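Participant: Compact mmCIF, C-alpha atoms, file final_33.txt:
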# COMPACT_ATOMS: atom_id res chain seq x y z
CA MET A 1 50.86 -95.27 112.64
CA SER A 2 51.16 -98.80 111.29
CA THR A 3 54.41 -100.00 112.77
CA PRO A 4 54.54 -101.99 116.00
CA HIS A 5 56.96 -101.32 118.81
CA PRO A 6 60.42 -102.55 117.65
CA ASP A 7 60.71 -105.03 120.54
CA ALA A 8 57.29 -106.50 119.72
CA LEU A 9 58.39 -106.86 116.10
CA GLU A 10 61.64 -108.54 117.12
CA GLU A 11 59.76 -110.91 119.43
CA LYS A 12 57.35 -111.96 116.69
CA LEU A 13 60.09 -112.24 114.06
CA ALA A 14 61.74 -114.84 116.30
CA ASP A 15 58.49 -116.78 116.79
CA PRO A 16 58.03 -119.38 114.03
CA SER A 17 54.30 -119.64 114.85
CA SER A 18 53.81 -115.94 114.03
CA CYS A 19 53.15 -114.92 110.44
CA GLN A 20 55.55 -111.99 110.93
CA HIS A 21 58.64 -113.90 109.79
CA GLN A 22 57.14 -114.48 106.33
CA ASP A 23 55.51 -111.05 106.18
CA SER A 24 58.97 -109.56 106.70
CA ALA A 25 60.52 -111.45 103.79
CA TYR A 26 60.99 -108.09 102.09
CA PHE A 27 63.82 -107.47 104.61
CA ASP A 28 65.89 -109.95 102.58
CA THR A 29 65.45 -107.83 99.46
CA PHE A 30 66.02 -104.53 101.24
CA VAL A 31 69.41 -105.57 102.67
CA ALA A 32 70.72 -107.08 99.42
CA PRO A 33 73.57 -105.10 97.82
CA ASP A 34 71.60 -104.60 94.57
CA ALA A 35 68.28 -103.74 96.25
CA ALA A 36 68.09 -100.16 94.94
CA SER A 37 68.59 -101.28 91.34
CA LEU A 38 66.13 -104.13 91.76
CA LEU A 39 63.38 -101.92 93.20
CA LEU A 40 63.86 -99.26 90.52
CA ALA A 41 64.14 -101.63 87.52
CA ALA A 42 61.40 -101.75 84.91
CA ASP A 43 60.00 -98.33 85.75
CA ALA A 44 60.22 -99.06 89.49
CA GLY A 45 57.90 -102.05 89.14
CA LEU A 46 58.72 -103.64 92.51
CA LEU A 47 58.63 -100.32 94.31
CA ARG A 48 55.28 -99.49 92.72
CA GLY A 49 54.01 -102.89 93.84
CA ALA A 50 54.83 -102.02 97.45
CA TYR A 51 52.42 -99.11 97.18
CA ALA A 52 49.57 -101.13 95.66
CA GLY A 53 46.23 -99.71 96.71
CA LEU A 54 47.42 -96.16 97.29
CA PRO A 55 46.12 -93.34 95.11
CA PRO A 56 48.37 -92.79 92.08
CA ALA A 57 49.16 -89.23 93.20
CA ASP A 58 50.57 -90.57 96.49
CA VAL A 59 52.61 -93.21 94.66
CA ASP A 60 54.00 -90.47 92.43
CA VAL A 61 55.21 -88.54 95.50
CA TYR A 62 57.05 -91.61 96.80
CA LEU A 63 58.53 -92.37 93.38
CA LYS A 64 59.65 -88.79 92.92
CA THR A 65 61.40 -88.93 96.30
CA LEU A 66 62.89 -92.44 96.01
CA GLY A 67 63.23 -92.68 92.23
CA SER A 68 67.01 -92.35 91.99
CA GLU A 69 69.61 -94.97 92.91
CA ALA A 70 71.14 -92.62 95.50
CA ALA A 71 67.83 -91.82 97.21
CA MET A 72 66.71 -95.45 97.20
CA ALA A 73 70.06 -96.64 98.56
CA ALA A 74 69.88 -94.04 101.34
CA ALA A 75 66.37 -95.20 102.29
CA LEU A 76 67.48 -98.83 102.33
CA ASP A 77 70.54 -98.07 104.44
CA TRP A 78 68.37 -98.13 107.58
CA TYR A 79 67.57 -101.79 106.92
CA ARG A 80 71.19 -102.60 106.12
CA ALA A 81 72.39 -100.94 109.32
CA ASN A 82 69.79 -102.50 111.60
CA ILE A 83 68.73 -105.89 110.23
CA GLN A 84 70.53 -109.12 109.45
CA ASP A 85 68.81 -112.43 108.70
CA ARG A 86 65.43 -110.82 109.49
CA LYS A 87 66.64 -109.96 112.99
CA PHE A 88 67.49 -106.59 114.49
CA THR A 89 71.17 -106.02 115.18
CA THR A 90 70.42 -103.19 117.59
CA PRO A 91 69.77 -103.47 121.34
CA ALA A 92 66.19 -103.77 122.54
CA LEU A 93 64.44 -100.43 122.88
CA GLY A 94 62.53 -101.35 126.04
CA LYS A 95 59.31 -99.78 127.20
CA VAL A 96 58.45 -96.34 125.91
CA ASP A 97 56.25 -93.77 127.58
CA ALA A 98 54.28 -92.79 124.53
CA ASP A 99 54.00 -93.28 121.33
CA ALA A 100 50.30 -104.37 105.16
CA HIS A 101 52.78 -105.03 106.50
CA PHE A 102 52.77 -106.24 110.03
CA CYS A 103 50.75 -109.06 111.49
CA LEU A 104 47.98 -108.24 113.92
CA ASP A 105 49.61 -110.26 116.69
CA THR A 106 52.79 -108.22 116.27
CA ALA A 107 50.93 -104.91 116.39
CA GLU A 108 48.92 -106.05 119.41
CA ALA A 109 52.12 -107.15 121.18
CA SER A 110 53.25 -103.52 121.20
CA ARG A 111 51.19 -103.09 124.40
CA ASP A 112 53.74 -105.27 126.19
CA PHE A 113 56.41 -102.64 125.55
CA MET A 114 54.52 -99.52 126.69
CA SER A 115 54.75 -98.10 130.19
CA GLY A 116 52.49 -95.10 129.67
CA PRO A 117 48.88 -94.84 128.56
CA TYR A 118 48.35 -96.94 125.46
CA ARG A 119 45.37 -97.71 123.29
CA PHE A 120 45.41 -100.00 120.24
CA VAL A 121 43.06 -98.78 117.53
CA ARG A 122 42.38 -100.98 114.52
CA LEU A 123 41.01 -99.40 111.36
CA PRO A 124 39.39 -102.31 109.47
CA GLY A 125 40.21 -102.46 105.80
CA VAL A 126 43.08 -99.98 106.11
CA SER A 127 46.45 -101.12 104.80
CA HIS A 128 50.00 -100.39 105.96
CA TRP A 129 49.81 -96.83 104.63
CA VAL A 130 47.41 -95.49 107.27
CA PRO A 131 47.86 -91.69 106.85
CA GLU A 132 47.53 -91.95 103.07
CA ALA A 133 44.76 -94.56 102.91
CA ALA A 134 42.51 -93.30 105.71
CA PRO A 135 43.42 -89.77 106.80
CA ASP A 136 39.92 -89.00 108.09
CA ALA A 137 39.59 -92.24 110.06
CA LEU A 138 43.08 -91.73 111.53
CA THR A 139 42.26 -88.15 112.55
CA ASP A 140 38.95 -89.25 114.07
CA ALA A 141 40.69 -91.99 116.09
CA ILE A 142 43.36 -89.61 117.37
CA LEU A 143 40.78 -86.99 118.31
CA ALA A 144 38.56 -89.55 120.06
CA ILE A 145 41.50 -90.71 122.18
CA ALA A 146 42.55 -87.13 122.94
CA ARG A 147 39.01 -86.28 124.03
CA GLN A 148 38.81 -89.34 126.30
CA ASP A 149 42.15 -88.49 127.88
CA GLY A 150 41.13 -84.87 128.43
CA GLY A 151 43.30 -83.58 125.58
Would you write the structure of this file as structure tokens?

Facilitator:
Amino acid sequence: MSTPHPDALEEKLADPSSCQHQDSAYFDTFVAPDAASLLLAADAGLLRGAYAGLPPADVDVYLKTLGSEAAMAAALDWYRANIQDRKFTTPALGKVDADAHFCLDTAEASRDFMSGPYRFVRLPGVSHWVPEAAPDALTDAILAIARQDGG
């Protein structure tokens, strides 16, 4: 819900004029060998910080799931397997038929990688955690699009 198309992200990560390179600085932490320990240290202080603004009950669910070294390491393995020096190590995904913390220009660039019907919906004031932060607004947006498309 809040992640741009991977090729749009890669394009903006490589563009020094885009804010995406700095906004993805957390990649450096996530791929570090001691990332799990770092995120869980001091009562998971850094991990809790990533969820700033979410209701405490939602944060508790994430901490319960990711609160062990093994679980956190497993979650971070995706970054380690796919990212190096803030660049994807995987081939481009290409256009798809369907489908904070990402910059608006990166999210908007997702349209360049869609071959099927696509509509960009911005929910002002809603952070990276769209389903948790604005479930009603998200549902309303999805239903409005479905109604327009005859769904």

Participant: Env of stretch 106-113 of chain A: 10 Å cut, atoms = all atoms listed in the file, seq-sep filter 5 positions within chain, self excluded. Answer as a list in words.

Facilitator: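 In the requested format, the answer is Ser2, Thr3, Pro4, His5, Pro6, Asp7, Ala8, Leu9, Glu10, Glu11, Lys12, Leu13, Ser18, Cys19, Gln20, Leu93, Gly94, Lys95, Val96, Asp97, Tyr118, Arg119, Phe120, Val121 and Arg122 of chain A.
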
Participant: Please indicate the distance in Å from atom CA of A:Leu39 to atom CA of A:Ala14, rounded to one decimal place.

Facilitator: 26.5 Å

Participant: Provide the atom CA of A:Ser17 to atom CA of A:Phe88 distance in Å, to one decimal place.

Facilitator: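 Rounded to one decimal, the two atoms are 18.6 Å apart.
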
Participant: Please list as a PyMOL selection string every residue within 12 Å of A:Val130, counting only C-alpha atoms and excluding residues in the same chain fewer than 2 positions away.

Facilitator: chain A and resi 1-3+51+53-54+100-101+121-128+132-139+141

Participant: Could you work out how far atom CA of A:Thr90 lies from atom CA of A:Pro117, giving the answer in Å with one decimal?

Facilitator: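 Going from atom CA of A:Pro117 over to atom CA of A:Thr90 covers 25.6 Å.
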
Participant: Which residue gives the smallest distance to A:Ala50 among A:Gln84, A:Phe102, A:Ala70, A:Trp129, with all atoms listed in the file counted?

Facilitator: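 Checking each of A:Gln84, A:Phe102, A:Ala70, A:Trp129 against A:Ala50, counting all atoms listed in the file, the winner is A:Trp129.
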
Participant: So that I can check the surroundings of A:Leu47, please list as a PyMOL selection string every protein, DNA and RNA residue that reaches within 12 Å of it, counting all atoms listed in the file and ignoring chain neighbours fewer than 3 positions away.

Facilitator: chain A and resi 26+29-30+35-44+50-52+59-60+62-68+72

Participant: Using all atoms listed in the file, pick whichever of A:Pro131, A:Arg147, A:Gln22, A:Ala92 has the shortest atom-to-atom distance to A:Pro55.

Facilitator: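 Answer, going by the shortest atom-to-atom distance: A:Pro131.
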
Participant: Would you please work out which residue, of A:Cys103, A:Leu143, A:Met114, A:Val31, is nearest to A:Trp78 when using only C-alpha atoms?

Facilitator: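 The shortest atom-to-atom distance to A:Trp78 comes from A:Val31.
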
Participant: Return the single residue from A:Ile145, A:Leu104, A:Ala57, A:Ala74 that is closest to A:Asp23, with distances computed using only C-alpha atoms.

Facilitator: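 Of A:Ile145, A:Leu104, A:Ala57, A:Ala74, the one nearest A:Asp23, counting only C-alpha atoms, is A:Leu104.
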
Participant: As an mmCIF file with C-alpha atoms, in the coordinates of the input, please: the residues near A:Thr89 (cut-off 10 Å, all atoms listed in the file, same-chain neighbours under 5 positions excluded).

Facilitator:
data_model
loop_
_atom_site.group_PDB
_atom_site.id
_atom_site.type_symbol
_atom_site.label_atom_id
_atom_site.label_comp_id
_atom_site.auth_asym_id
_atom_site.auth_seq_id
_atom_site.Cartn_x
_atom_site.Cartn_y
_atom_site.Cartn_z
ATOM 1 C CA TYR A 79 67.570 -101.790 106.920
ATOM 2 C CA ARG A 80 71.190 -102.600 106.120
ATOM 3 C CA ALA A 81 72.390 -100.940 109.320
ATOM 4 C CA ASN A 82 69.790 -102.500 111.600
ATOM 5 C CA ILE A 83 68.730 -105.890 110.230
ATOM 6 C CA GLN A 84 70.530 -109.120 109.450
#

Participant: Export stretch 28-71 of chain A of the preceding structure, keeping N, CA and C atoms, as a JSON list (two decimals), in the first residue's frame.

Facilitator:
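In the end it all went to decode.json:
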[["chain", "number", "residue", "atom", "x", "y", "z"],
["A", 28, "ASP", "N", 21.28, 0.88, 4.95],
["A", 28, "ASP", "CA", 22.63, 0.65, 5.45],
["A", 28, "ASP", "C", 22.60, -0.08, 6.79],
["A", 29, "THR", "N", 21.68, 0.29, 7.65],
["A", 29, "THR", "CA", 21.54, -0.37, 8.94],
["A", 29, "THR", "C", 21.01, -1.79, 8.76],
["A", 30, "PHE", "N", 19.99, -1.93, 7.92],
["A", 30, "PHE", "CA", 19.35, -3.23, 7.76],
["A", 30, "PHE", "C", 20.28, -4.31, 7.20],
["A", 31, "VAL", "N", 21.27, -3.94, 6.39],
["A", 31, "VAL", "CA", 22.17, -4.94, 5.81],
["A", 31, "VAL", "C", 23.41, -5.18, 6.66],
["A", 32, "ALA", "N", 23.61, -4.40, 7.69],
["A", 32, "ALA", "CA", 24.78, -4.57, 8.56],
["A", 32, "ALA", "C", 24.69, -5.91, 9.30],
["A", 33, "PRO", "N", 25.83, -6.57, 9.51],
["A", 33, "PRO", "CA", 25.81, -7.88, 10.18],
["A", 33, "PRO", "C", 25.18, -7.86, 11.58],
["A", 34, "ASP", "N", 25.29, -6.74, 12.30],
["A", 34, "ASP", "CA", 24.75, -6.66, 13.66],
["A", 34, "ASP", "C", 23.41, -5.94, 13.72],
["A", 35, "ALA", "N", 22.71, -5.84, 12.60],
["A", 35, "ALA", "CA", 21.46, -5.07, 12.54],
["A", 35, "ALA", "C", 20.40, -5.58, 13.51],
["A", 36, "ALA", "N", 20.22, -6.89, 13.61],
["A", 36, "ALA", "CA", 19.19, -7.42, 14.51],
["A", 36, "ALA", "C", 19.46, -6.99, 15.95],
["A", 37, "SER", "N", 20.70, -7.14, 16.39],
["A", 37, "SER", "CA", 21.05, -6.74, 17.76],
["A", 37, "SER", "C", 20.85, -5.25, 17.96],
["A", 38, "LEU", "N", 21.26, -4.47, 16.99],
["A", 38, "LEU", "CA", 21.13, -3.02, 17.08],
["A", 38, "LEU", "C", 19.67, -2.59, 17.19],
["A", 39, "LEU", "N", 18.81, -3.15, 16.37],
["A", 39, "LEU", "CA", 17.39, -2.77, 16.39],
["A", 39, "LEU", "C", 16.69, -3.22, 17.66],
["A", 40, "LEU", "N", 17.16, -4.31, 18.26],
["A", 40, "LEU", "CA", 16.50, -4.84, 19.45],
["A", 40, "LEU", "C", 17.11, -4.33, 20.75],
["A", 41, "ALA", "N", 18.26, -3.67, 20.69],
["A", 41, "ALA", "CA", 18.92, -3.17, 21.90],
["A", 41, "ALA", "C", 18.05, -2.14, 22.60],
["A", 42, "ALA", "N", 18.28, -2.01, 23.89],
["A", 42, "ALA", "CA", 17.60, -1.00, 24.72],
["A", 42, "ALA", "C", 16.08, -1.09, 24.55],
["A", 43, "ASP", "N", 15.56, -2.29, 24.79],
["A", 43, "ASP", "CA", 14.12, -2.53, 24.69],
["A", 43, "ASP", "C", 13.60, -2.20, 23.30],
["A", 44, "ALA", "N", 14.37, -2.58, 22.29],
["A", 44, "ALA", "CA", 14.00, -2.39, 20.88],
["A", 44, "ALA", "C", 13.76, -0.92, 20.55],
["A", 45, "GLY", "N", 14.60, -0.06, 21.10],
["A", 45, "GLY", "CA", 14.44, 1.39, 20.91],
["A", 45, "GLY", "C", 14.42, 1.83, 19.46],
["A", 46, "LEU", "N", 15.37, 1.35, 18.65],
["A", 46, "LEU", "CA", 15.39, 1.75, 17.23],
["A", 46, "LEU", "C", 14.19, 1.17, 16.48],
["A", 47, "LEU", "N", 13.86, -0.06, 16.77],
["A", 47, "LEU", "CA", 12.71, -0.68, 16.11],
["A", 47, "LEU", "C", 11.43, 0.06, 16.49],
["A", 48, "ARG", "N", 11.28, 0.39, 17.76],
["A", 48, "ARG", "CA", 10.10, 1.16, 18.18],
["A", 48, "ARG", "C", 10.05, 2.51, 17.46],
["A", 49, "GLY", "N", 11.21, 3.13, 17.27],
["A", 49, "GLY", "CA", 11.26, 4.41, 16.58],
["A", 49, "GLY", "C", 10.76, 4.31, 15.15],
["A", 50, "ALA", "N", 10.98, 3.18, 14.50],
["A", 50, "ALA", "CA", 10.51, 2.99, 13.13],
["A", 50, "ALA", "C", 8.99, 3.00, 13.07],
["A", 51, "TYR", "N", 8.35, 2.67, 14.16],
["A", 51, "TYR", "CA", 6.90, 2.61, 14.20],
["A", 51, "TYR", "C", 6.28, 3.83, 14.86],
["A", 52, "ALA", "N", 7.05, 4.90, 14.98],
["A", 52, "ALA", "CA", 6.54, 6.13, 15.61],
["A", 52, "ALA", "C", 5.25, 6.57, 14.94],
["A", 53, "GLY", "N", 4.28, 6.90, 15.73],
["A", 53, "GLY", "CA", 3.01, 7.37, 15.21],
["A", 53, "GLY", "C", 1.93, 6.31, 15.12],
["A", 54, "LEU", "N", 2.33, 5.04, 15.21],
["A", 54, "LEU", "CA", 1.34, 3.96, 15.19],
["A", 54, "LEU", "C", 0.74, 3.78, 16.58],
["A", 55, "PRO", "N", -0.46, 3.28, 16.67],
["A", 55, "PRO", "CA", -1.03, 2.99, 17.98],
["A", 55, "PRO", "C", -0.16, 1.97, 18.72],
["A", 56, "PRO", "N", 0.00, 2.15, 20.03],
["A", 56, "PRO", "CA", 0.83, 1.22, 20.81],
["A", 56, "PRO", "C", 0.45, -0.25, 20.63],
["A", 57, "ALA", "N", -0.83, -0.55, 20.48],
["A", 57, "ALA", "CA", -1.24, -1.95, 20.29],
["A", 57, "ALA", "C", -0.67, -2.52, 19.00],
["A", 58, "ASP", "N", -0.60, -1.71, 17.94],
["A", 58, "ASP", "CA", -0.02, -2.17, 16.68],
["A", 58, "ASP", "C", 1.48, -2.38, 16.83],
["A", 59, "VAL", "N", 2.14, -1.46, 17.52],
["A", 59, "VAL", "CA", 3.58, -1.59, 17.75],
["A", 59, "VAL", "C", 3.86, -2.88, 18.53],
["A", 60, "ASP", "N", 3.02, -3.17, 19.51],
["A", 60, "ASP", "CA", 3.19, -4.38, 20.30],
["A", 60, "ASP", "C", 3.11, -5.64, 19.42],
["A", 61, "VAL", "N", 2.23, -5.64, 18.44],
["A", 61, "VAL", "CA", 2.11, -6.80, 17.53],
["A", 61, "VAL", "C", 3.41, -6.98, 16.76],
["A", 62, "TYR", "N", 3.96, -5.87, 16.22],
["A", 62, "TYR", "CA", 5.22, -5.96, 15.49],
["A", 62, "TYR", "C", 6.35, -6.41, 16.40],
["A", 63, "LEU", "N", 6.42, -5.86, 17.60],
["A", 63, "LEU", "CA", 7.49, -6.24, 18.52],
["A", 63, "LEU", "C", 7.37, -7.69, 18.97],
["A", 64, "LYS", "N", 6.16, -8.15, 19.15],
["A", 64, "LYS", "CA", 5.97, -9.55, 19.52],
["A", 64, "LYS", "C", 6.47, -10.47, 18.39],
["A", 65, "THR", "N", 6.21, -10.07, 17.15],
["A", 65, "THR", "CA", 6.60, -10.87, 16.01],
["A", 65, "THR", "C", 8.10, -10.79, 15.74],
["A", 66, "LEU", "N", 8.67, -9.60, 15.84],
["A", 66, "LEU", "CA", 10.08, -9.38, 15.47],
["A", 66, "LEU", "C", 11.02, -9.27, 16.67],
["A", 67, "GLY", "N", 10.53, -9.50, 17.86],
["A", 67, "GLY", "CA", 11.27, -9.22, 19.08],
["A", 67, "GLY", "C", 12.40, -10.16, 19.45],
["A", 68, "SER", "N", 12.65, -11.20, 18.67],
["A", 68, "SER", "CA", 13.78, -12.07, 18.97],
["A", 68, "SER", "C", 14.85, -11.87, 17.91],
["A", 69, "GLU", "N", 16.09, -12.20, 18.26],
["A", 69, "GLU", "CA", 17.20, -12.06, 17.31],
["A", 69, "GLU", "C", 16.92, -12.88, 16.04],
["A", 70, "ALA", "N", 16.40, -14.09, 16.21],
["A", 70, "ALA", "CA", 16.16, -14.96, 15.05],
["A", 70, "ALA", "C", 15.09, -14.38, 14.13],
["A", 71, "ALA", "N", 14.00, -13.90, 14.70],
["A", 71, "ALA", "CA", 12.92, -13.34, 13.89],
["A", 71, "ALA", "C", 13.38, -12.06, 13.19]]
